[in-house]
Amino acid sequence: MNLAEALSAEISRALGRPFRAAAIREAGGGCIHRALVLEGDGERWFVKLNAAEALPMFESERDGLAALAEAGAFRVPRPLCCGIASEQACLVLEYLDLKPVSQRADAIAFGRALAALHRTVAERFGWRRDNFIGATPQINAESDSWPRFFAAARLLPQIERAAAHGRALQAKGASLAEKLPAFFLDYRPQPSLLHGDLWHGNAAMSGGAPAVFDPAAYFGDRETDLAMTELFGGFPEAFHAAYREAWPLAEGYETRKTLYNLYHVLNHLNLFGAGYLRQAERMIDRLLAELKG
């Protein structure tokens with residue numbers, strides 16, 4: 001059985017009726033997974049593929065997509081099935097026609113949708129399972145303390161992975177993690193449902209509605225999503241203004257933004273190499289200087 005036949009069989013089982021892929025084509029799927037579009041019987045499905053051992057990545061993605069869809073703030077590709085097809089891990093998703101969040105009206109709608117998503121809250125920080133940020137395992141052990149969670153489940157694991165880049169980075173990073181509560185003396189975030197990996201490549205419009213995909217979902221400080229939208233750019237100013245109008249940010253966000261984006265810069269350092277080292281060092285130095293000031 002070839003790949004198209006194996007995927008058709010998986011889709012047929014999930015649908016409870018026959019499906020046969022009449023056409024299959026490659027699609028842009030990022031740097032981690034292979035992506036395909038399957039067409040047949042008047043339907044289209046988006047399929048992500050990887051080695052069989054990558055199945056937990058797809059299972060956690062399916063879980064995050066289901067949570068985002070349940071919140072009802074965004075258009076989210078519906079997961080159909082997840083498993084092994086032709087000795088490869090696969091995740092089959094509803095196919096969405098996507099366009100960039102570039103028009104002012106679209107950006108405003110996206111900002112309001114994100115604020116609405118963040119109003120879905122839980123009692124504790126973390127998630128019901130560990131998942132992944134890119135290809136990196138992400139710990140989500142639940143906690144009543146946001147500073148403790150962010151230090152233990154976010155910063156310290158990345159600092160430990162960065163050991164190959166020198167003791168100075170590790171020492172400063174560990175010092176920052178130890179002093180993390182000082183950034184939250186007058187700020188008590190609630191556990192909001194987060195996309196978790198909200199760069200512009202994971203955001204779009206679909207059928208006139210804001211859409212998100214490829215989540216690393218958990219419950220945390222809503223500012224972490226906002227911070228990442230600024231890390232790589234790509235979100236119009238109208239998006240930021242609309243979010244703040246729907247739900248203003250607390251004093252001190254500019255400093256916390258650096259802290260939250262440090263996690264993603266460290267992850268890029270660990271995934272892609274030393275090109276991110278100086279940026280990570282500058283961010284840690286800036287945060288430590290804020291504490292001395």
# chains A, B, ... in the order shown; residues from 1 in each chain; ligands from 1
call {"tool": "select_by_dssp", "arguments": {"residues": "segment 46-260 of chain A", "states": "alpha helix (DSSP H)", "output": "PyMOL selection string"}}
result
chain A and resi 55-71+104-118+146-149+156-161+167-178+223-231+237-246+253-260
call {"tool": "write_last_selection", "arguments": {"atoms": "C-alpha atoms", "output": "JSON list (two decimals), in the first residue's frame"}}
result
[["chain", "number", "residue", "atom", "x", "y", "z"],
["A", 55, "LEU", "CA", 3.57, 10.81, 16.65],
["A", 56, "PRO", "CA", 3.47, 12.41, 20.16],
["A", 57, "MET", "CA", 4.04, 15.79, 18.49],
["A", 58, "PHE", "CA", 0.94, 15.31, 16.36],
["A", 59, "GLU", "CA", -1.10, 13.99, 19.28],
["A", 60, "SER", "CA", -0.31, 17.06, 21.37],
["A", 61, "GLU", "CA", -1.02, 19.35, 18.41],
["A", 62, "ARG", "CA", -4.41, 17.70, 17.95],
["A", 63, "ASP", "CA", -5.11, 18.27, 21.64],
["A", 64, "GLY", "CA", -4.18, 21.95, 21.41],
["A", 65, "LEU", "CA", -6.25, 22.51, 18.28],
["A", 66, "ALA", "CA", -9.28, 20.95, 19.97],
["A", 67, "ALA", "CA", -8.92, 23.29, 22.96],
["A", 68, "LEU", "CA", -8.58, 26.37, 20.75],
["A", 69, "ALA", "CA", -11.61, 25.33, 18.70],
["A", 70, "GLU", "CA", -13.68, 24.78, 21.84],
["A", 71, "ALA", "CA", -12.88, 28.33, 23.00],
["A", 104, "ARG", "CA", -6.61, 46.79, 8.76],
["A", 105, "ALA", "CA", -10.07, 45.28, 9.31],
["A", 106, "ASP", "CA", -8.55, 41.79, 9.47],
["A", 107, "ALA", "CA", -5.91, 42.90, 11.97],
["A", 108, "ILE", "CA", -8.57, 44.45, 14.20],
["A", 109, "ALA", "CA", -10.65, 41.28, 14.08],
["A", 110, "PHE", "CA", -7.58, 39.19, 14.93],
["A", 111, "GLY", "CA", -6.69, 41.38, 17.91],
["A", 112, "ARG", "CA", -10.21, 41.12, 19.30],
["A", 113, "ALA", "CA", -10.26, 37.36, 18.75],
["A", 114, "LEU", "CA", -7.00, 36.92, 20.65],
["A", 115, "ALA", "CA", -8.36, 38.90, 23.60],
["A", 116, "ALA", "CA", -11.47, 36.69, 23.53],
["A", 117, "LEU", "CA", -9.31, 33.53, 23.50],
["A", 118, "HIS", "CA", -7.37, 34.77, 26.53],
["A", 146, "TRP", "CA", 3.14, 31.67, 37.45],
["A", 147, "PRO", "CA", 6.73, 32.77, 38.28],
["A", 148, "ARG", "CA", 7.53, 29.28, 39.56],
["A", 149, "PHE", "CA", 5.96, 27.67, 36.49],
["A", 156, "LEU", "CA", 15.44, 26.46, 33.10],
["A", 157, "PRO", "CA", 14.93, 23.61, 30.59],
["A", 158, "GLN", "CA", 16.10, 25.90, 27.77],
["A", 159, "ILE", "CA", 19.06, 27.13, 29.83],
["A", 160, "GLU", "CA", 20.07, 23.52, 30.49],
["A", 161, "ARG", "CA", 19.86, 22.69, 26.79],
["A", 167, "ARG", "CA", 28.99, 28.56, 31.24],
["A", 168, "ALA", "CA", 28.43, 32.32, 31.28],
["A", 169, "LEU", "CA", 25.05, 32.00, 29.60],
["A", 170, "GLN", "CA", 24.07, 29.18, 31.93],
["A", 171, "ALA", "CA", 25.14, 31.02, 35.06],
["A", 172, "LYS", "CA", 23.34, 34.22, 34.14],
["A", 173, "GLY", "CA", 20.25, 32.32, 33.00],
["A", 174, "ALA", "CA", 20.09, 30.35, 36.25],
["A", 175, "SER", "CA", 20.48, 33.58, 38.23],
["A", 176, "LEU", "CA", 17.62, 35.15, 36.27],
["A", 177, "ALA", "CA", 15.36, 32.15, 36.86],
["A", 178, "GLU", "CA", 16.09, 32.28, 40.60],
["A", 223, "GLU", "CA", 1.20, 38.56, 27.73],
["A", 224, "THR", "CA", 3.35, 35.67, 26.49],
["A", 225, "ASP", "CA", 1.24, 35.41, 23.32],
["A", 226, "LEU", "CA", 1.33, 39.20, 22.88],
["A", 227, "ALA", "CA", 5.10, 39.25, 23.37],
["A", 228, "MET", "CA", 5.69, 36.65, 20.68],
["A", 229, "THR", "CA", 3.61, 38.58, 18.15],
["A", 230, "GLU", "CA", 6.25, 41.30, 18.51],
["A", 231, "LEU", "CA", 9.31, 39.05, 18.43],
["A", 237, "GLU", "CA", -0.22, 47.94, 14.46],
["A", 238, "ALA", "CA", -4.02, 47.79, 14.17],
["A", 239, "PHE", "CA", -3.85, 44.28, 15.69],
["A", 240, "HIS", "CA", -1.97, 45.52, 18.76],
["A", 241, "ALA", "CA", -4.28, 48.52, 19.19],
["A", 242, "ALA", "CA", -7.40, 46.35, 18.90],
["A", 243, "TYR", "CA", -6.12, 43.90, 21.50],
["A", 244, "ARG", "CA", -5.28, 46.67, 23.96],
["A", 245, "GLU", "CA", -8.66, 48.28, 23.42],
["A", 246, "ALA", "CA", -10.38, 44.96, 24.15],
["A", 253, "TYR", "CA", 4.61, 44.73, 30.06],
["A", 254, "GLU", "CA", 7.63, 46.04, 28.13],
["A", 255, "THR", "CA", 10.00, 44.40, 30.64],
["A", 256, "ARG", "CA", 8.00, 41.18, 30.86],
["A", 257, "LYS", "CA", 7.89, 41.06, 27.06],
["A", 258, "THR", "CA", 11.68, 40.64, 27.01],
["A", 259, "LEU", "CA", 11.43, 37.90, 29.64],
["A", 260, "TYR", "CA", 8.79, 35.95, 27.72]]
call {"tool": "residues_around", "arguments": {"residues": "Arg188 of chain A", "least_positions_apart": "5", "cutoff": "12 Å", "atoms": "only C-alpha atoms", "output": "VMD selection string"}}
result
chain A and resid 144 to 147 181 to 183 220 to 223 250 to 252
call {"tool": "select_by_dssp", "arguments": {"residues": "segment 179-210 of chain A", "states": "strand (DSSP E or B)", "output": "MDAnalysis selection string"}}
result
chainID A and resid 192:194 203:206 209:210
call {"tool": "decode", "arguments": {"residues": "segment 90-147 of chain A", "atoms": "C-alpha atoms", "output": "mmCIF file, in the first residue's frame"}}
result
data_model
loop_
_atom_site.group_PDB
_atom_site.id
_atom_site.type_symbol
_atom_site.label_atom_id
_atom_site.label_comp_id
_atom_site.auth_asym_id
_atom_site.auth_seq_id
_atom_site.Cartn_x
_atom_site.Cartn_y
_atom_site.Cartn_z
ATOM 1 C CA CYS A 90 0.403 11.591 10.294
ATOM 2 C CA LEU A 91 -2.050 14.268 11.364
ATOM 3 C CA VAL A 92 -5.008 14.888 9.058
ATOM 4 C CA LEU A 93 -6.644 18.291 9.346
ATOM 5 C CA GLU A 94 -9.498 20.150 7.751
ATOM 6 C CA TYR A 95 -8.166 22.111 4.782
ATOM 7 C CA LEU A 96 -8.538 25.875 5.177
ATOM 8 C CA ASP A 97 -8.036 28.528 2.504
ATOM 9 C CA LEU A 98 -5.724 31.023 4.188
ATOM 10 C CA LYS A 99 -4.623 34.578 3.530
ATOM 11 C CA PRO A 100 -2.296 36.862 5.542
ATOM 12 C CA VAL A 101 -3.526 39.153 8.309
ATOM 13 C CA SER A 102 -2.642 42.267 6.338
ATOM 14 C CA GLN A 103 -5.760 44.397 5.941
ATOM 15 C CA ARG A 104 -6.608 46.789 8.764
ATOM 16 C CA ALA A 105 -10.069 45.278 9.313
ATOM 17 C CA ASP A 106 -8.546 41.789 9.469
ATOM 18 C CA ALA A 107 -5.911 42.901 11.970
ATOM 19 C CA ILE A 108 -8.573 44.453 14.203
ATOM 20 C CA ALA A 109 -10.651 41.279 14.081
ATOM 21 C CA PHE A 110 -7.576 39.194 14.928
ATOM 22 C CA GLY A 111 -6.692 41.378 17.913
ATOM 23 C CA ARG A 112 -10.206 41.118 19.304
ATOM 24 C CA ALA A 113 -10.260 37.357 18.746
ATOM 25 C CA LEU A 114 -7.002 36.917 20.655
ATOM 26 C CA ALA A 115 -8.363 38.902 23.600
ATOM 27 C CA ALA A 116 -11.466 36.687 23.533
ATOM 28 C CA LEU A 117 -9.309 33.534 23.501
ATOM 29 C CA HIS A 118 -7.371 34.766 26.526
ATOM 30 C CA ARG A 119 -10.606 35.174 28.498
ATOM 31 C CA THR A 120 -10.839 31.378 28.561
ATOM 32 C CA VAL A 121 -9.213 30.723 31.935
ATOM 33 C CA ALA A 122 -8.309 27.842 34.241
ATOM 34 C CA GLU A 123 -7.533 27.488 37.923
ATOM 35 C CA ARG A 124 -3.845 26.617 37.456
ATOM 36 C CA PHE A 125 -0.984 27.359 35.092
ATOM 37 C CA GLY A 126 0.196 24.604 32.751
ATOM 38 C CA TRP A 127 -1.646 21.991 30.739
ATOM 39 C CA ARG A 128 -3.112 18.506 30.996
ATOM 40 C CA ARG A 129 -0.139 17.055 29.101
ATOM 41 C CA ASP A 130 3.341 18.002 28.000
ATOM 42 C CA ASN A 131 3.633 19.138 24.385
ATOM 43 C CA PHE A 132 6.166 20.732 22.047
ATOM 44 C CA ILE A 133 7.394 24.177 21.092
ATOM 45 C CA GLY A 134 8.618 23.580 17.569
ATOM 46 C CA ALA A 135 10.552 20.323 17.868
ATOM 47 C CA THR A 136 11.460 20.926 21.529
ATOM 48 C CA PRO A 137 9.594 19.101 24.316
ATOM 49 C CA GLN A 138 7.652 21.580 26.473
ATOM 50 C CA ILE A 139 6.951 20.758 30.120
ATOM 51 C CA ASN A 140 3.466 21.658 31.328
ATOM 52 C CA ALA A 141 3.306 20.354 34.919
ATOM 53 C CA GLU A 142 0.540 22.392 36.541
ATOM 54 C CA SER A 143 1.333 25.025 39.160
ATOM 55 C CA ASP A 144 -0.458 27.623 41.266
ATOM 56 C CA SER A 145 2.451 30.051 40.811
ATOM 57 C CA TRP A 146 3.143 31.672 37.445
ATOM 58 C CA PRO A 147 6.731 32.770 38.277
#
